[in-house]
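Remarks on the structure that follows.
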Amino acid sequence: MQTNFTLQQLADPDIAASNAILRACVHCGFCTATCPTYTLLGDELDSPRGRIYQIKDMLERDIPAPAETVKHLDRCLSCLSCMTTCPSGVHYMHLVDHARAHVEKTVTRPLMERSIRRLLSLVLPRPFIFRLALIGAFFAKPFAQFLPGTMGAMFRMAPKSVAPPSHVDKPQVFPAEGERRGRVALMNGCAQQVLAPEINEATIRILTRHGIEVVVAAGAGCCGALVHHMGRTDDSHNQAARNIRAWSREQVAHGLDAVIVNASGCGTTVKDYGFMFREDPALKEDAARIADMTKDITEYLSTLELAAKTPQELRVAYHSACSMQHGQKITDLPKQLLGDAGFDVASPAEGHLCCGSAGTYNLLQSEIADRLKERKVAHIEATKPHAIAAGNIGCMAQIAGGTELPVVHTVELLDWATGGPKPKSLN
């Protein structure tokens, strides 16, 4: 694609990076075949190729984002399916993140929309506030049907119960059982520890059982993904910087083999810290090192000899989160681990399409998200599974809202298969 940025514009590192991405696009349209919003809506402007044209025009002209461009960028899930499909290697993730930051800086949204986005950016990354918000939302849930759009979606998604804080949430060290074979930091996240604390507990159990010491580092918290994809880059970089400093301190003081992430949406962002801080002289080296040593829990478990025991026969439909298969390029590994652990693993049709979760998307774009959820659940249920496994808390919450089947994290099943307790959702 030909671009026409001025030399002055190209002096901006973000413009220079986006220019390189734009010039890699050859307009082939392969991306339209796997884009969820184009599949549903059939609008070229809701395809990656269409959005690329709109982003190019907006950035070249250096103008506030037009209302039409904002609409179509907001509809993008950032599922990154287009990056898997693209034969030219167009790095759409970095391009759309830059575009959203431009929208955030140049557009004043309507007051209600602005207030909701601000509320989400304040509540979701902070476990204590998020837990209180969920408790309040539960009592307001009967009125959700009378509330429009985002407000109704927020109350409808409130869980039936909210677990108390887990004993694993606080900074501490969990010693390895038997001879120590490694030492890792676990990113215990933000929303996940409120919605499903059992995931972090299972992660720590299976790692320590296999000789791995696990540290929850002081100062680490939200990865920054939720606000980063809303264009709030100052907030996201502040959150990411805290993690980089916390894990770097731990590595220098006691050594780390890896940073373990068990929410693939977070993992995709943490693995991108090197790019995010490429122009920061104080953090770029540490950021690149942390990004390089970050592993999804299934990646790390695949390097260990798991002491598999035979669980009860269970047919599991594996849902591959977009951030797992498209963002981190981890495709068959989780299914292989589940199969080796004794589970009968099914792969639903249209596995490349998003479930509609996508961070805050199912709240901000609830109508499209619900259509994607229904489509995803129909394909999953067609495999006749006993349970659904996934590696991302957002997908788990989204899919659970459309089916009676139990939804569990992959690591919960692997923990159970290697001597841990049966996941409570299977009881």
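For the structure tokens, the naming scheme is as follows: chains receive sequential letters (A, B, ...) according to their order of presentation, residues are indexed from 1 within each chain, and ligands are indexed from 1 in presentation order.
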Inset, instruction - Please identify all polymer residues within 12 Å of Cys79 of chain A, counting only C-alpha atoms, omitting same-chain residues fewer than 4 positions from it, and present them as a PyMOL selection string. - result: chain A and resi 31+34-37+47-48+75+83-85+92-93+96+229+264-265+268+320-328+352-359+361+395
Please produce a file of those selected residues containing C-alpha atoms, as a compact mmCIF listing (two decimals), in the first residue's frame.
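Printed below is result.txt as written:
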```
# COMPACT_ATOMS: atom_id res chain seq x y z
CA CYS A 31 -8.35 -11.09 5.93
CA THR A 34 -11.75 -14.81 8.74
CA CYS A 35 -12.87 -11.50 10.25
CA PRO A 36 -15.78 -12.03 12.68
CA THR A 37 -17.39 -8.62 12.13
CA SER A 47 -13.20 -5.80 7.70
CA PRO A 48 -9.47 -5.45 8.48
CA ARG A 75 -16.50 -2.71 16.28
CA MET A 83 -2.90 -11.61 11.25
CA THR A 84 -3.04 -15.38 11.04
CA THR A 85 -4.63 -15.21 7.60
CA TYR A 92 -2.62 -5.32 12.39
CA MET A 93 -2.43 -5.41 16.21
CA VAL A 96 -5.17 -0.76 15.40
CA HIS A 229 -7.24 -1.74 23.75
CA SER A 264 -3.98 -15.64 27.13
CA GLY A 265 -5.34 -12.13 26.62
CA THR A 268 -0.39 -11.51 24.32
CA SER A 320 -8.88 -21.76 21.49
CA ALA A 321 -8.96 -18.12 22.56
CA CYS A 322 -8.10 -15.64 19.81
CA SER A 323 -5.29 -14.25 21.93
CA MET A 324 -3.91 -17.79 22.22
CA GLN A 325 -4.09 -18.97 18.61
CA HIS A 326 -3.77 -15.66 16.76
CA GLY A 327 -1.95 -13.47 19.28
CA GLN A 328 0.57 -16.02 20.62
CA HIS A 352 -10.79 -19.47 14.30
CA LEU A 353 -13.73 -17.12 14.98
CA CYS A 354 -13.97 -15.04 18.14
CA CYS A 355 -16.50 -15.82 20.88
CA GLY A 356 -17.22 -12.11 21.30
CA SER A 357 -15.50 -11.53 24.64
CA ALA A 358 -12.41 -9.51 23.60
CA GLY A 359 -11.70 -7.68 26.85
CA TYR A 361 -15.97 -5.71 23.87
CA CYS A 395 -13.70 -16.34 26.86
```
Inset, instruction - May I have the residues within 7 Å of Ala99 of chain A as a list in words, using only C-alpha atoms and disregarding those fewer than 4 positions away in the same chain? - result: Ile55, Leu95 and Val103 of chain A
Inset, instruction - Give the strand (DSSP E) residues of segment 188-287 of chain A, as assigned by DSSP on the backbone, as a list in words. - result: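 Taking segment 188-287 of chain A and keeping strand (DSSP E) gives Ile212, Glu213, Val214, Val215, Val216, Ala258, Val259, Ile260 and Val261 of chain A.
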Output for the residues just chosen: C-alpha atoms as an mmCIF file, in the first residue's frame:
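Result went into out.cif, see below:
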```
data_model
loop_
_atom_site.group_PDB
_atom_site.id
_atom_site.type_symbol
_atom_site.label_atom_id
_atom_site.label_comp_id
_atom_site.auth_asym_id
_atom_site.auth_seq_id
_atom_site.Cartn_x
_atom_site.Cartn_y
_atom_site.Cartn_z
ATOM 1 C CA ILE A 212 8.696 -25.483 40.358
ATOM 2 C CA GLU A 213 8.923 -22.680 42.906
ATOM 3 C CA VAL A 214 6.318 -19.987 42.234
ATOM 4 C CA VAL A 215 6.519 -16.370 43.308
ATOM 5 C CA VAL A 216 3.723 -13.802 43.221
ATOM 6 C CA ALA A 258 9.952 -17.554 33.231
ATOM 7 C CA VAL A 259 6.983 -15.299 33.837
ATOM 8 C CA ILE A 260 3.875 -17.485 33.721
ATOM 9 C CA VAL A 261 0.572 -16.105 32.435
#
```
Legend entry - Distance criterion (only C-alpha atoms): nearest to Ser88 of chain A out of A:His379, A:Arg118, A:Arg51, A:Arg23: A:Arg23
Inset, instruction - DSSP on the backbone, then: every residue of segment 187-395 of chain A marked helix (DSSP H, G or I), written as a VMD selection string. - result: chain A and resid 191 to 195 197 to 209 225 to 228 233 to 254 264 to 270 273 to 276 284 to 293 297 to 301 322 to 327 333 to 340 361 to 364 366 to 381 393 to 395
Save the residues we just selected, C-alpha atoms, as a compact mmCIF listing (two decimals), in the first residue's frame?
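So the final result, stored in again35.txt, reads:
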```
# COMPACT_ATOMS: atom_id res chain seq x y z
CA ALA A 191 -10.30 -9.59 36.83
CA GLN A 192 -9.41 -13.29 36.82
CA GLN A 193 -8.58 -13.45 40.50
CA VAL A 194 -12.07 -12.12 41.21
CA LEU A 195 -14.06 -14.11 38.66
CA PRO A 197 -9.56 -17.55 41.76
CA GLU A 198 -9.41 -21.32 41.32
CA ILE A 199 -7.38 -20.84 38.13
CA ASN A 200 -4.40 -19.30 39.92
CA GLU A 201 -4.74 -21.88 42.69
CA ALA A 202 -4.63 -24.76 40.18
CA THR A 203 -1.67 -23.16 38.40
CA ILE A 204 0.34 -22.94 41.61
CA ARG A 205 -0.59 -26.49 42.65
CA ILE A 206 0.48 -28.12 39.39
CA LEU A 207 3.73 -26.14 39.18
CA THR A 208 4.83 -26.75 42.78
CA ARG A 209 3.82 -30.43 42.50
CA ALA A 225 -4.43 -4.99 28.15
CA LEU A 226 -7.93 -3.84 29.09
CA VAL A 227 -7.14 -0.14 28.93
CA HIS A 228 -4.56 -0.51 26.15
CA THR A 233 -2.00 4.11 26.49
CA ASP A 234 -0.79 6.23 29.41
CA ASP A 235 -2.76 4.01 31.81
CA SER A 236 -1.70 0.78 30.11
CA HIS A 237 1.98 1.73 30.07
CA ASN A 238 1.86 2.66 33.75
CA GLN A 239 0.36 -0.73 34.61
CA ALA A 240 2.85 -2.55 32.40
CA ALA A 241 5.78 -0.62 33.84
CA ARG A 242 4.86 -1.73 37.36
CA ASN A 243 4.96 -5.36 36.23
CA ILE A 244 8.26 -4.95 34.43
CA ARG A 245 9.87 -3.40 37.51
CA ALA A 246 8.39 -6.00 39.88
CA TRP A 247 9.49 -9.01 37.82
CA SER A 248 12.90 -7.48 37.04
CA ARG A 249 13.53 -6.95 40.78
CA GLU A 250 12.59 -10.55 41.44
CA GLN A 251 14.82 -11.82 38.66
CA VAL A 252 17.82 -9.86 39.86
CA ALA A 253 17.31 -10.77 43.52
CA HIS A 254 16.44 -14.47 43.28
CA SER A 264 -3.98 -15.64 27.13
CA GLY A 265 -5.34 -12.13 26.62
CA CYS A 266 -2.84 -10.93 29.20
CA GLY A 267 -0.10 -13.11 27.75
CA THR A 268 -0.39 -11.51 24.32
CA THR A 269 0.10 -8.07 25.85
CA VAL A 270 2.95 -9.03 28.19
CA TYR A 273 6.06 -5.25 26.29
CA GLY A 274 9.26 -5.01 24.25
CA PHE A 275 7.44 -3.18 21.47
CA MET A 276 5.42 -1.05 23.87
CA LYS A 284 13.23 -0.93 27.05
CA GLU A 285 15.89 -3.53 27.95
CA ASP A 286 13.96 -4.86 30.94
CA ALA A 287 10.71 -4.81 28.95
CA ALA A 288 12.24 -6.81 26.11
CA ARG A 289 13.70 -9.33 28.53
CA ILE A 290 10.40 -9.81 30.37
CA ALA A 291 8.55 -10.18 27.07
CA ASP A 292 11.01 -12.85 25.92
CA MET A 293 10.72 -14.90 29.11
CA ILE A 297 1.05 -21.86 31.35
CA THR A 298 0.58 -24.55 28.67
CA GLU A 299 3.87 -23.57 27.01
CA TYR A 300 5.70 -24.00 30.29
CA LEU A 301 3.95 -27.23 31.28
CA CYS A 322 -8.10 -15.64 19.81
CA SER A 323 -5.29 -14.25 21.93
CA MET A 324 -3.91 -17.79 22.22
CA GLN A 325 -4.09 -18.97 18.61
CA HIS A 326 -3.77 -15.66 16.76
CA GLY A 327 -1.95 -13.47 19.28
CA LEU A 333 -0.27 -27.55 22.32
CA PRO A 334 -3.15 -27.19 24.86
CA LYS A 335 -5.15 -29.90 23.08
CA GLN A 336 -2.11 -32.16 23.05
CA LEU A 337 -1.59 -31.70 26.80
CA LEU A 338 -5.24 -32.47 27.49
CA GLY A 339 -5.14 -35.53 25.26
CA ASP A 340 -1.95 -36.82 26.89
CA TYR A 361 -15.97 -5.71 23.87
CA ASN A 362 -18.87 -7.80 25.19
CA LEU A 363 -19.82 -4.81 27.34
CA LEU A 364 -19.23 -2.00 24.86
CA SER A 366 -22.94 -6.24 23.38
CA GLU A 367 -25.19 -6.85 20.36
CA ILE A 368 -22.39 -8.10 18.10
CA ALA A 369 -20.79 -9.96 21.02
CA ASP A 370 -24.04 -11.81 21.76
CA ARG A 371 -24.36 -12.91 18.13
CA LEU A 372 -20.82 -14.24 18.16
CA LYS A 373 -21.42 -16.00 21.47
CA GLU A 374 -24.51 -17.78 20.14
CA ARG A 375 -22.61 -18.88 17.06
CA LYS A 376 -19.67 -20.13 19.13
CA VAL A 377 -21.81 -21.99 21.65
CA ALA A 378 -23.79 -23.73 18.90
CA HIS A 379 -20.59 -25.12 17.38
CA ILE A 380 -19.26 -26.17 20.78
CA GLU A 381 -22.47 -27.94 21.81
CA ILE A 393 -10.91 -15.93 31.55
CA GLY A 394 -12.74 -13.52 29.22
CA CYS A 395 -13.70 -16.34 26.86
```
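The interatomic distance for the pair atom CA of Gly221 of chain A and atom CA of Pro125 of chain A works out to 8.1 Å.
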Inset, instruction - Check the smallest atom-to-atom distance from each of A:Glu179, A:Glu404, A:Asp12, A:Glu104 to His386 of chain A using only C-alpha atoms, then report the winner. - result: A:Glu404
Legend entry - Using only C-alpha atoms: which of A:Arg100, A:Arg315, A:His210, A:Arg278 has the shortest distance to Gly420 of chain A: A:His210
Inset, instruction - Rank A:Thr108, A:Thr150, A:Ser78, A:Asn4 by their smallest atom-to-atom distance to Leu120 of chain A, using only C-alpha atoms, and report the top residue only. - result: A:Thr150
Inset, instruction - Enter the distance from atom CA of Lys295 of chain A to atom CA of Pro13 of chain A, in Å, rounded to one decimal. - result: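 Going from atom CA of Lys295 of chain A over to atom CA of Pro13 of chain A, I get 27.8 Å.
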